[in-house]
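Asker: Here you go, this is upload-v4.txt (compact mmCIF, C-alpha atoms and all ligand atoms).
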# COMPACT_ATOMS: atom_id res chain seq x y z
CA MET A 114 76.25 71.95 71.47
CA SER A 115 79.98 71.55 71.63
CA ASP A 116 81.93 69.06 73.68
CA ILE A 117 84.62 71.58 74.56
CA ARG A 118 84.40 72.63 78.18
CA ALA A 119 85.97 75.62 79.91
CA GLU A 120 88.47 73.33 81.68
CA ASP A 121 89.69 71.98 78.37
CA GLU A 122 90.93 75.28 77.04
CA VAL A 123 91.64 77.51 80.02
CA VAL A 124 95.32 76.48 80.29
CA ARG A 125 95.93 77.03 76.60
CA ILE A 126 94.28 80.47 76.68
CA CYS A 127 96.33 81.50 79.71
CA GLN A 128 99.56 80.35 78.05
CA GLU A 129 98.78 82.12 74.81
CA LEU A 130 97.99 85.34 76.65
CA ILE A 131 101.23 85.18 78.64
CA ARG A 132 103.20 84.67 75.41
CA ILE A 133 101.94 88.05 74.21
CA ASP A 134 104.22 90.57 75.91
CA THR A 135 102.04 93.38 77.27
CA SER A 136 104.58 94.87 79.69
CA ASN A 137 103.41 98.19 81.01
CA TYR A 138 106.32 100.47 81.92
CA GLY A 139 104.03 103.30 82.87
CA ASP A 140 105.47 105.72 80.33
CA GLY A 141 103.94 104.42 77.11
CA SER A 142 107.17 102.76 76.00
CA GLY A 143 105.84 99.20 76.28
CA PRO A 144 104.49 97.07 73.45
CA GLY A 145 100.89 97.97 74.33
CA GLU A 146 97.90 95.67 74.58
CA ARG A 147 96.75 95.68 70.94
CA VAL A 148 97.93 92.16 70.08
CA ALA A 149 96.44 90.71 73.27
CA ALA A 150 93.20 92.61 72.62
CA GLU A 151 92.96 91.18 69.11
CA TYR A 152 93.64 87.69 70.41
CA THR A 153 90.94 88.16 73.08
CA ALA A 154 88.43 89.57 70.57
CA GLY A 155 89.11 86.56 68.33
CA LEU A 156 88.20 84.17 71.16
CA ILE A 157 85.01 86.11 71.83
CA GLU A 158 83.94 86.27 68.19
CA GLU A 159 84.72 82.62 67.62
CA VAL A 160 81.77 81.68 69.84
CA GLY A 161 79.41 84.10 68.15
CA LEU A 162 79.60 87.16 70.38
CA ALA A 163 80.42 90.64 69.14
CA ALA A 164 83.65 92.09 70.50
CA GLU A 165 84.62 95.71 70.32
CA ILE A 166 88.22 96.82 70.51
CA PHE A 167 88.91 100.47 71.28
CA GLU A 168 92.17 102.32 71.71
CA SER A 169 92.89 105.20 74.05
CA ALA A 170 96.26 105.80 72.38
CA PRO A 171 98.13 103.91 69.65
CA GLY A 172 98.42 100.30 70.78
CA ARG A 173 96.63 100.83 74.09
CA ALA A 174 93.65 98.62 73.32
CA SER A 175 90.82 97.31 75.48
CA VAL A 176 88.07 94.84 74.52
CA VAL A 177 84.43 94.77 75.62
CA THR A 178 81.60 92.39 74.84
CA ARG A 179 78.10 92.04 76.21
CA MET A 180 76.33 88.73 76.67
CA ALA A 181 72.58 89.16 76.72
CA GLY A 182 70.78 87.87 79.81
CA GLU A 183 67.33 86.30 80.13
CA ASP A 184 65.82 89.35 81.76
CA PRO A 185 66.52 92.56 79.82
CA SER A 186 65.05 94.65 82.63
CA ALA A 187 67.59 93.32 85.15
CA SER A 188 70.71 95.35 85.87
CA ALA A 189 73.91 94.22 84.16
CA LEU A 190 77.02 92.77 85.75
CA VAL A 191 80.53 93.74 84.63
CA VAL A 192 83.20 91.04 84.81
CA HIS A 193 86.54 92.57 83.95
CA GLY A 194 90.22 91.84 83.75
CA HIS A 195 93.32 93.62 82.50
CA LEU A 196 95.55 92.63 79.64
CA ASP A 197 98.74 94.42 80.67
CA VAL A 198 101.39 93.07 83.03
CA VAL A 199 104.14 94.66 85.06
CA PRO A 200 107.53 94.39 83.34
CA ALA A 201 109.74 91.34 83.90
CA LEU A 202 113.54 91.42 83.89
CA ARG A 203 114.57 88.25 82.12
CA GLU A 204 117.83 87.93 84.05
CA GLN A 205 115.89 87.65 87.29
CA TRP A 206 113.81 84.73 86.07
CA SER A 207 114.68 81.06 86.04
CA VAL A 208 112.28 80.58 83.12
CA ASP A 209 111.35 82.75 80.16
CA PRO A 210 108.79 85.19 81.68
CA PHE A 211 106.90 85.18 78.38
CA GLY A 212 107.32 81.48 77.68
CA ALA A 213 104.31 80.29 79.71
CA GLU A 214 106.05 77.02 80.41
CA LEU A 215 104.00 74.28 82.02
CA LYS A 216 106.16 72.83 84.80
CA ASP A 217 105.26 70.85 87.92
CA GLY A 218 101.61 71.31 87.11
CA LEU A 219 101.92 75.10 87.10
CA ILE A 220 102.10 77.72 84.37
CA TRP A 221 105.18 79.91 84.78
CA GLY A 222 105.32 83.42 83.38
CA ARG A 223 104.59 87.09 83.86
CA GLY A 224 100.86 87.45 84.30
CA ALA A 225 100.31 83.84 85.40
CA VAL A 226 99.05 85.31 88.68
CA ASP A 227 98.18 88.89 87.78
CA MET A 228 96.04 88.47 85.82
CA LYS A 229 96.17 86.54 82.57
CA ASP A 230 95.17 83.52 84.64
CA MET A 231 91.86 85.10 85.52
CA ASP A 232 91.47 86.59 82.04
CA ALA A 233 91.77 83.04 80.72
CA MET A 234 89.23 81.76 83.25
CA ILE A 235 86.76 84.51 82.35
CA LEU A 236 87.21 83.82 78.64
CA ALA A 237 86.93 80.06 79.02
CA VAL A 238 83.74 80.30 81.08
CA MET A 239 82.27 82.90 78.73
CA ARG A 240 83.00 80.69 75.73
CA ASP A 241 81.56 77.66 77.50
CA LEU A 242 78.39 79.62 78.24
CA ALA A 243 78.11 80.93 74.69
CA ARG A 244 78.68 77.49 73.17
CA SER A 245 76.08 75.88 75.43
CA GLY A 246 73.45 78.42 74.44
CA ARG A 247 72.56 78.96 78.10
CA LYS A 248 71.74 82.53 78.98
CA PRO A 249 72.80 84.20 82.21
CA LYS A 250 70.03 85.74 84.28
CA ARG A 251 71.10 89.26 83.48
CA ASP A 252 73.37 90.89 80.92
CA ILE A 253 77.05 90.28 81.57
CA ILE A 254 79.52 92.79 80.21
CA PHE A 255 82.96 91.26 79.82
CA ALA A 256 85.76 93.82 79.67
CA PHE A 257 89.51 93.35 79.23
CA PHE A 258 91.29 96.61 79.87
CA ALA A 259 94.65 98.11 79.04
CA ASP A 260 96.83 99.95 81.53
CA GLU A 261 95.68 98.59 84.87
CA GLU A 262 99.22 98.34 86.15
CA ALA A 263 100.04 102.02 85.72
CA GLY A 264 96.92 103.80 86.92
CA GLY A 265 94.31 102.76 84.35
CA GLU A 266 94.22 106.09 82.51
CA TYR A 267 94.58 104.36 79.14
CA GLY A 268 92.22 101.52 80.02
CA ALA A 269 89.37 101.59 82.53
CA ARG A 270 89.51 105.37 83.00
CA TYR A 271 89.33 105.95 79.27
CA ALA A 272 86.46 103.46 78.88
CA VAL A 273 84.40 105.05 81.64
CA ASP A 274 85.03 108.59 80.38
CA LYS A 275 84.71 108.04 76.64
CA ARG A 276 82.63 104.89 76.21
CA PRO A 277 80.14 104.88 79.12
CA GLU A 278 77.43 103.45 76.84
CA LEU A 279 79.28 100.13 76.84
CA PHE A 280 78.46 99.77 80.54
CA GLU A 281 74.85 100.90 80.32
CA GLY A 282 72.65 99.39 83.03
CA ALA A 283 75.56 97.89 84.98
CA THR A 284 75.25 98.07 88.74
CA GLU A 285 78.05 95.77 89.93
CA ALA A 286 81.50 94.79 88.76
CA ILE A 287 83.74 91.87 89.65
CA SER A 288 87.46 91.56 88.99
CA GLU A 289 90.70 90.35 90.51
CA VAL A 290 91.58 90.12 94.21
CA GLY A 291 89.09 89.69 97.01
CA GLY A 292 87.60 86.42 98.07
CA PHE A 293 90.79 84.70 99.14
CA SER A 294 90.88 83.30 102.62
CA ALA A 295 93.14 83.97 105.58
CA THR A 296 93.56 81.85 108.67
CA ILE A 297 93.18 84.11 111.68
CA GLY A 298 93.06 82.70 115.19
CA GLY A 299 92.89 79.21 113.73
CA GLN A 300 89.75 80.02 111.77
CA ARG A 301 89.27 80.46 108.08
CA THR A 302 88.13 84.01 107.38
CA TYR A 303 87.40 86.00 104.24
CA LEU A 304 88.50 89.60 103.95
CA LEU A 305 86.16 92.19 102.54
CA GLN A 306 87.69 95.02 100.56
CA THR A 307 85.79 98.27 100.94
CA ALA A 308 88.00 100.72 99.06
CA GLU A 309 91.06 101.00 96.87
CA LYS A 310 94.14 102.83 98.04
CA GLY A 311 94.88 106.05 96.23
CA ILE A 312 98.21 107.57 95.41
CA SER A 313 99.73 110.97 95.49
CA TRP A 314 102.78 111.46 93.33
CA LEU A 315 105.46 113.58 94.87
CA ARG A 316 108.46 114.81 92.98
CA LEU A 317 111.69 115.50 94.78
CA VAL A 318 114.23 117.68 93.07
CA ALA A 319 117.82 118.00 94.18
CA HIS A 320 120.45 120.25 92.73
CA GLY A 321 124.19 119.94 92.80
CA ARG A 322 127.18 121.20 90.93
CA ALA A 323 127.77 119.99 87.40
CA GLY A 324 131.08 118.37 86.80
CA HIS A 325 133.03 115.91 84.78
CA GLY A 326 132.75 112.29 85.90
CA SER A 327 136.52 111.95 86.13
CA GLN A 328 136.73 114.54 88.90
CA ILE A 329 135.77 114.57 92.55
CA ASN A 330 132.46 116.30 93.13
CA THR A 331 131.27 116.63 96.71
CA ASP A 332 128.23 118.65 95.66
CA ASN A 333 126.36 115.89 93.90
CA ALA A 334 122.60 116.04 93.26
CA VAL A 335 122.12 112.28 93.06
CA THR A 336 123.88 111.67 96.38
CA ARG A 337 121.74 114.33 98.04
CA LEU A 338 118.61 112.89 96.48
CA ALA A 339 119.44 109.36 97.57
CA ALA A 340 119.89 110.54 101.15
CA ALA A 341 116.49 112.28 101.06
CA VAL A 342 114.80 109.18 99.63
CA THR A 343 116.33 107.06 102.37
CA ARG A 344 115.10 109.42 105.09
CA ILE A 345 111.56 109.43 103.68
CA GLY A 346 111.53 105.67 103.09
CA GLU A 347 112.61 104.92 106.65
CA TYR A 348 110.31 107.43 108.29
CA LYS A 349 107.73 105.88 110.63
CA TRP A 350 104.51 107.53 109.63
CA PRO A 351 101.82 107.94 112.29
CA ILE A 352 99.07 105.36 112.45
CA GLU A 353 95.69 106.53 111.19
CA LEU A 354 92.69 104.28 111.56
CA THR A 355 89.62 104.81 109.42
CA PRO A 356 86.31 103.51 110.84
CA THR A 357 86.54 100.57 108.41
CA THR A 358 90.05 99.61 109.48
CA ARG A 359 89.03 100.01 113.11
CA GLN A 360 86.12 97.65 112.57
CA PHE A 361 88.35 95.14 110.87
CA LEU A 362 90.89 95.22 113.70
CA ASP A 363 88.07 94.77 116.23
CA GLY A 364 87.07 91.67 114.29
CA VAL A 365 90.62 90.32 114.49
CA THR A 366 90.64 91.00 118.23
CA GLU A 367 87.42 89.06 118.54
CA LEU A 368 88.96 86.08 116.76
CA THR A 369 92.35 86.12 118.45
CA GLY A 370 91.82 87.79 121.80
CA VAL A 371 94.73 90.14 120.99
CA GLU A 372 93.90 93.81 121.59
CA PHE A 373 95.07 96.52 119.20
CA ASP A 374 97.85 98.57 120.73
CA PRO A 375 98.57 101.79 118.79
CA ASP A 376 102.10 101.78 120.22
CA ASN A 377 102.71 98.25 119.01
CA PRO A 378 100.34 97.56 116.10
CA ASP A 379 102.50 94.69 114.86
CA ARG A 380 101.37 92.52 117.77
CA LEU A 381 97.88 92.38 116.32
CA LEU A 382 98.99 92.50 112.68
CA ASP A 383 101.25 89.48 113.31
CA GLN A 384 98.10 87.45 113.88
CA LEU A 385 97.17 87.95 110.24
CA GLY A 386 99.90 85.80 108.75
CA THR A 387 100.46 86.32 105.05
CA VAL A 388 97.83 89.05 104.69
CA ALA A 389 99.50 91.29 107.29
CA ARG A 390 101.27 93.25 104.56
CA PHE A 391 97.98 94.12 102.89
CA VAL A 392 96.17 94.93 106.07
CA GLY A 393 99.01 96.79 107.74
CA GLN A 394 99.17 99.30 104.93
CA PRO A 395 95.85 101.09 105.50
CA CYS A 396 97.00 101.91 109.03
CA ARG A 397 99.74 104.16 107.73
CA THR A 398 100.45 106.33 104.74
CA PRO A 399 103.46 104.58 103.33
CA PRO A 400 105.88 106.38 101.03
CA ILE A 401 106.95 104.01 98.27
CA PRO A 402 109.95 105.04 96.21
CA ARG A 403 108.95 104.19 92.67
CA CYS A 404 110.89 105.94 90.00
CA SER A 405 114.08 107.82 89.57
CA ARG A 406 115.15 110.21 86.89
CA ALA A 407 118.59 111.62 86.53
CA ALA A 408 119.24 114.22 83.86
CA THR A 409 116.60 113.55 81.20
CA SER A 410 116.38 109.78 81.17
CA THR A 411 114.14 107.68 83.35
CA MET A 412 114.94 104.35 84.91
CA SER A 413 112.01 102.77 86.64
CA SER A 414 112.60 99.43 88.22
CA PRO A 415 110.67 97.62 90.93
CA ASN A 416 113.59 96.70 93.10
CA ARG A 417 116.41 99.08 92.56
CA LEU A 418 117.01 102.74 92.22
CA ARG A 419 119.80 103.95 90.08
CA PRO A 420 120.75 107.02 88.15
CA TRP A 421 120.83 106.81 84.40
CA TRP A 422 124.16 107.32 82.80
CA THR A 423 123.37 108.27 79.25
CA ALA A 424 124.38 111.74 78.17
CA GLY A 425 124.15 111.33 74.44
CA ARG A 426 120.57 112.40 74.02
CA SER A 427 119.77 115.83 72.78
CA ARG A 428 117.94 117.01 75.87
CA ALA A 429 120.64 115.69 78.12
CA SER A 430 123.18 118.05 76.69
CA ARG A 431 120.98 120.99 77.55
CA ASN A 432 121.01 119.83 81.14
CA THR A 433 124.78 119.98 81.32
CA CYS A 434 124.88 116.33 82.24
CA TRP A 435 128.26 114.67 82.14
CA ARG A 436 128.85 111.07 81.42
CA SER A 437 130.96 108.92 83.65
CA CYS A 438 134.08 108.18 81.64
CA GLY A 439 136.47 107.01 84.31
CA SER A 440 136.49 103.50 85.64
CA LEU A 441 134.49 104.50 88.69
CA PRO A 442 130.81 105.02 88.00
CA VAL A 443 129.99 108.33 89.62
CA PRO A 444 126.53 109.82 89.71
CA VAL A 445 126.99 112.95 87.68
CA SER A 446 123.61 114.51 87.06
CA ARG A 447 123.24 118.18 87.86
CA SER A 448 119.58 117.86 88.68
CA ALA A 449 117.77 114.70 89.63
CA THR A 450 114.16 114.07 90.40
CA PHE A 451 112.46 111.39 92.35
CA THR A 452 108.85 110.44 92.77
CA ALA A 453 107.23 108.71 95.70
CA THR A 454 103.68 107.65 96.36
CA SER A 455 101.53 108.23 99.37
CA ARG A 456 97.86 107.87 99.99
CA LEU A 457 96.01 110.64 98.21
CA ARG A 458 96.05 111.00 94.50
CA SER A 459 96.62 114.32 92.86
CA ARG A 460 97.01 114.85 89.15
CA LEU A 461 99.89 117.25 89.23
CA PRO A 462 102.94 116.06 91.07
CA GLU A 463 103.83 118.09 94.08
CA THR A 464 107.45 119.07 93.97
CA TRP A 465 109.75 119.03 96.94
CA TRP A 466 112.99 120.87 96.59
CA ILE A 467 115.76 119.43 98.63
CA PRO A 468 117.84 122.19 100.16
ZN ZN B 501 96.12 92.91 88.44
Let me see the structure of the file written as structure tokens.

Answerer:
Amino acid sequence: MSDIRAEDEVVRICQELIRIDTSNYGDGSGPGERVAAEYTAGLIEEVGLAAEIFESAPGRASVVTRMAGEDPSASALVVHGHLDVVPALREQWSVDPFGAELKDGLIWGRGAVDMKDMDAMILAVMRDLARSGRKPKRDIIFAFFADEEAGGEYGARYAVDKRPELFEGATEAISEVGGFSATIGGQRTYLLQTAEKGISWLRLVAHGRAGHGSQINTDNAVTRLAAAVTRIGEYKWPIELTPTTRQFLDGVTELTGVEFDPDNPDRLLDQLGTVARFVGQPCRTPPIPRCSRAATSTMSSPNRLRPWWTAGRSRASRNTCWRSCGSLPVPVSRSATFTATSRLRSRLPETWWIP
């Protein structure tokens, strides 16, 4: 028996995970999860469990381990986390996003909330359990996936498709989100998630006239594209209520006495406080501008949309893209594409041509 408890090492594990940059840019250009997976596997093996690392693509590594339960006939439980994080722009941070600084009793860094914190908690509890020699009632499969932040194709999707035997006998899975409370009508309530939102990638393509950046060009593809994105982004989509959402809203009415008014849904949603943004979304199909591409280079950023200026790449020259060389930065791409998300997922992007 060891004296080390989960509480003693959870902060250190979280910090060490944050210090491993696993930024997921969604296009495979990030550092990948291999280093974090090896670190995680090391923690698992250190307490005598067998860890398996598998890669869906170079560097895109996930880790799985199974802790045997007392009753081998009982169904298994999956407890999973993800090792990747969304990118962090250093200039927008007051601390190093990968420094995992401990300040004011909090750990600061990318992934401190989503979800290296919970990864660390899972690992610390697992290690505590393994060290104590206590067995859980049923098998617990601990999984730490790659690529959660960009669709899961290289993480959970790959594991389920290619390595289903790792999850043999599992009937339930637990991971991040869910279980947090909201104060509605003065009462503490717990929200129940019944489904995950899907996405449908749409690609908008605008054409304009090619031209040198030093000259006036009133037929500009990027300008046209930006106008289309603005129109779609500001469009008020009709409210659609699924039976589940309807039931939820009825529950809120019960707690607050405020009736749902389809012409003014915000009146009821305002009762939800900080969770209104989550709950309001299932009522509509929101278009979310996510990624822009001008000429052949992509710039994906969570809070700004901008054309890419580089023209020096080989494919760019084929696209007759001209670089801005005057003092005024002018969007100069001949053809620009834009993708937006809405509710239903489809594998192939649908393309909208902007007239
Ligand atoms: Zn997450």

Asker: With only C-alpha atoms as the atoms that count, which of A:Ala164, A:Leu196, A:Ala181, A:Ile345 lies nearest to A:Gly268?

Answerer: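 Using only C-alpha atoms, A:Gly268 sits closest to A:Leu196.
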
Asker: For A:Asp241, list every protein, DNA or RNA residue within 9 Å, evaluated using all atoms listed in the file, and leave out those in the same chain fewer than 5 positions away; present the list as a PyMOL selection string.

Answerer: chain A and resi 115+117-119+160+236+246

Asker: Measuring between only C-alpha atoms and all ligand atoms, which one of A:Glu372, A:Asp197, A:Asp184, A:Glu122 shows the shortest distance to ligand ZN 501 (chain B)?

Answerer: A:Asp197

Asker: Please identify all protein, DNA and RNA residues within 7 Å of ligand ZN 501 (chain B), counting all atoms listed in the file, and report them as a ChimeraX atom specification.

Answerer: /A:195,227-228,261-262,289

Asker: Give the answer as one residue: which of A:Ala189, A:Ile220, A:Ala339, A:Ala170 has the shortest atom-to-atom distance to A:Arg125, using only C-alpha atoms?

Answerer: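 Checking each candidate against A:Arg125, we get A:Ile220 as the closest.
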
Asker: Between atom CA of A:Arg173 and atom CA of A:Glu146, measure the distance and give it in Å to one decimal.

Answerer: 5.3 Å

Asker: Write out N, CA and C atoms for stretch 176-194 of chain A, as a compact mmCIF listing (two decimals), keeping the file's coordinate frame.

Answerer:
# COMPACT_ATOMS: atom_id res chain seq x y z
N VAL A 176 89.12 95.60 75.23
CA VAL A 176 88.07 94.84 74.52
C VAL A 176 86.85 94.73 75.42
N VAL A 177 85.67 94.92 74.85
CA VAL A 177 84.43 94.77 75.62
C VAL A 177 83.43 93.96 74.79
N THR A 178 82.70 93.10 75.48
CA THR A 178 81.60 92.39 74.84
C THR A 178 80.45 92.28 75.84
N ARG A 179 79.26 92.18 75.33
CA ARG A 179 78.10 92.04 76.21
C ARG A 179 77.36 90.76 75.85
N MET A 180 77.11 89.96 76.86
CA MET A 180 76.33 88.73 76.67
C MET A 180 74.93 89.00 77.20
N ALA A 181 73.96 88.82 76.32
CA ALA A 181 72.58 89.16 76.72
C ALA A 181 72.06 88.17 77.76
N GLY A 182 71.37 88.71 78.77
CA GLY A 182 70.78 87.87 79.81
C GLY A 182 69.32 87.56 79.50
N GLU A 183 68.74 86.69 80.33
CA GLU A 183 67.33 86.30 80.13
C GLU A 183 66.37 87.46 80.38
N ASP A 184 66.73 88.28 81.37
CA ASP A 184 65.82 89.35 81.76
C ASP A 184 66.41 90.71 81.37
N PRO A 185 65.93 91.30 80.27
CA PRO A 185 66.52 92.56 79.82
C PRO A 185 66.27 93.72 80.78
N SER A 186 65.31 93.55 81.69
CA SER A 186 65.05 94.65 82.63
C SER A 186 65.98 94.58 83.84
N ALA A 187 66.69 93.46 83.99
CA ALA A 187 67.59 93.32 85.15
C ALA A 187 68.86 94.14 84.91
N SER A 188 69.47 94.59 86.00
CA SER A 188 70.71 95.35 85.87
C SER A 188 71.83 94.42 85.38
N ALA A 189 72.82 95.02 84.73
CA ALA A 189 73.91 94.22 84.16
C ALA A 189 75.07 94.08 85.15
N LEU A 190 75.83 93.04 84.93
CA LEU A 190 77.02 92.77 85.75
C LEU A 190 78.26 92.93 84.87
N VAL A 191 79.26 93.63 85.37
CA VAL A 191 80.53 93.74 84.63
C VAL A 191 81.52 92.74 85.23
N VAL A 192 82.11 91.92 84.39
CA VAL A 192 83.20 91.04 84.81
C VAL A 192 84.42 91.49 84.01
N HIS A 193 85.43 92.00 84.72
CA HIS A 193 86.54 92.57 83.95
C HIS A 193 87.92 92.10 84.41
N GLY A 194 88.83 92.17 83.47
CA GLY A 194 90.22 91.84 83.75
C GLY A 194 91.11 92.87 83.07
